[in-house]
Amino acid sequence: MNPTSRRRRIAIALLALGGVVVGSGCGTPAGGGGELIIEVASGRRVDRDQLLRALARSDYVLLGELHDNPAHHARRGELIEALQPAAVVAEQLNAGAVVRFGADLLASLSEAGFDAKAWGWPMHQPVFAAAAVAGVPVLGGNLSRERARSVAREGEAAWTMPQRELLQRAPLGDGARELLDADLVRGHCGQLSAERLPGIRAAQRARDATMAQAMVEASSRPVVLVAGNGHVRLDYGVGQLLARLEPGARTTSVGFVEPDQAMPRGQPYTYLWVTAKAERKDPCAGFSAPSMR
């Protein structure tokens with residue numbers, strides 16, 4: 001199917017969402033309440049059971065999110081519970097961290113370095129609770145905030161040797177870099193200057209490299225990554241780096257989006273899971289680009 005036809009099928013599916021419980025005609029609906037799962041390559045609807053079968057055949061499963069949408073965390077928790085992966089790598093924890101679950105979920109996460117305020121706890125509770133109940137190890141995958149700031153200030157010169165080796169082996173093509181840059185500018189409410197953009201791009205790539213390496217280093221498969229939609233992309237995110245690290249591995253990416261979001265160009269995800277829009281204030285109201293000092 002050519003890209004135009006695929007995008008048209010996805011657009012028609014999204015227009016049909018309005019208040020209807022969407023399924024593919026067989027199996028269990030996506031999650032009720034007018035949710036929808038779309039296979040990006042074909043533009044066709046699939047149901048939750050079909051998605052789970054695809055995830056179970058994968059070595060690496062990348063589950064995205066809009067950080068402030070509770071439905072995205074609930075659905076990812078359900079997938080983790082059903083999939084029973086070998087490990088979960090979390091953007092919300094620094095690389096090297098290991099969660100040792102006890103009776104108090106938040107206390108266990110905090111001991112591993114989880115910042116409850118920064119991540120809007122209990123927004124992510126369904127994800128970590130599912131891992132705890134299933135006995136799935138949760139591992140940190142992110143670059144520390146201090147290291148990320150350093151890279152944002154100094155650019156690629158601040159990459160560690162392992163990051164440099166991987167990122168030089170897997171450079172972005174012009175098209176993928178343009179998509180990443182556009183998303184970074186949009187994510188900074190249009191206030192990211194041309195002078196600062198290369199450093200912010202270098203920090204994003206360093207984060208992706210750190211997460212990809214954490215997934216590869218997990219001892220068994222499948223490994224699940226829970227991270228923002230930008231990190232789980234196949235064209236410029238962790239998926240692009242996994243393809244270089246383990247060319248024979250099967251990676252499946254699920255982007256979690258809302259109906260009024262612009263359809264992404266190309267095939268950045270294997271699947272799109274569309275949920276209801278979260279209630280939120282304008283995230284760009286009063287926004288000012290953070291200092292890199």
# chains A, B, ... in the order shown; residues from 1 in each chain; ligands from 1
$ select_by_dssp --residues "region 241-279 of chain A" --states "alpha helix (DSSP H)" --output "list in words"
Leu241, Leu242, Ala243, Arg244 and Leu245 of chain A
$ residues_around --residues "Arg201 (chain A)" --least-positions-apart "4" --cutoff "10 Å" --atoms "only C-alpha atoms" --output "PyMOL selection string"
chain A and resi 151-152+155-156+177+180-181+184-185+196-197+205-207
$ write_last_selection --atoms "C-alpha atoms" --output "PDB file, in the first residue's frame"
ATOM      1  CA  VAL A 151      25.059  17.122  26.516  1.00  0.00           C
ATOM      2  CA  ALA A 152      22.459  19.824  25.825  1.00  0.00           C
ATOM      3  CA  GLY A 155      26.506  18.894  22.158  1.00  0.00           C
ATOM      4  CA  GLU A 156      27.952  15.706  20.718  1.00  0.00           C
ATOM      5  CA  ARG A 177      16.780  14.294  11.450  1.00  0.00           C
ATOM      6  CA  LEU A 180      13.285  14.896  15.017  1.00  0.00           C
ATOM      7  CA  ASP A 181      14.203  18.572  14.858  1.00  0.00           C
ATOM      8  CA  LEU A 184      11.901  18.989  19.356  1.00  0.00           C
ATOM      9  CA  VAL A 185      10.948  22.531  18.336  1.00  0.00           C
ATOM     10  CA  ARG A 196      20.355  25.493  20.874  1.00  0.00           C
ATOM     11  CA  LEU A 197      18.748  22.893  18.623  1.00  0.00           C
ATOM     12  CA  ARG A 205      19.950  10.958  20.855  1.00  0.00           C
ATOM     13  CA  ALA A 206      22.054  10.224  23.944  1.00  0.00           C
ATOM     14  CA  ARG A 207      18.906   9.318  25.882  1.00  0.00           C
TER      15      ARG A 207
END
$ residues_around --residues "Ala103 (chain A)" --least-positions-apart "5" --cutoff "12 Å" --atoms "only C-alpha atoms" --output "list in words"
Ser108, Leu109, Ala129, Ala132 and Val133 of chain A
$ closest_residue --among "A:Thr160, A:Gln191, A:Ser219, A:Ser58" --to "Leu139 (chain A)" --atoms "only C-alpha atoms"
A:Ser219
$ residues_around --residues "Leu272 (chain A)" --least-positions-apart "6" --cutoff "8 Å" --atoms "only C-alpha atoms" --output "PyMOL selection string"
chain A and resi 37-40+254-257
$ residues_around --residues "region 168-175 of chain A" --least-positions-apart "3" --cutoff "8 Å" --atoms "only C-alpha atoms" --output "VMD selection string"
chain A and resid 164 to 165 178 to 179 236 240 to 241 244
$ residues_around --residues "Ala86 (chain A)" --least-positions-apart "5" --cutoff "10 Å" --atoms "only C-alpha atoms" --output "MDAnalysis selection string"
chainID A and resid 59 135:138 218:224
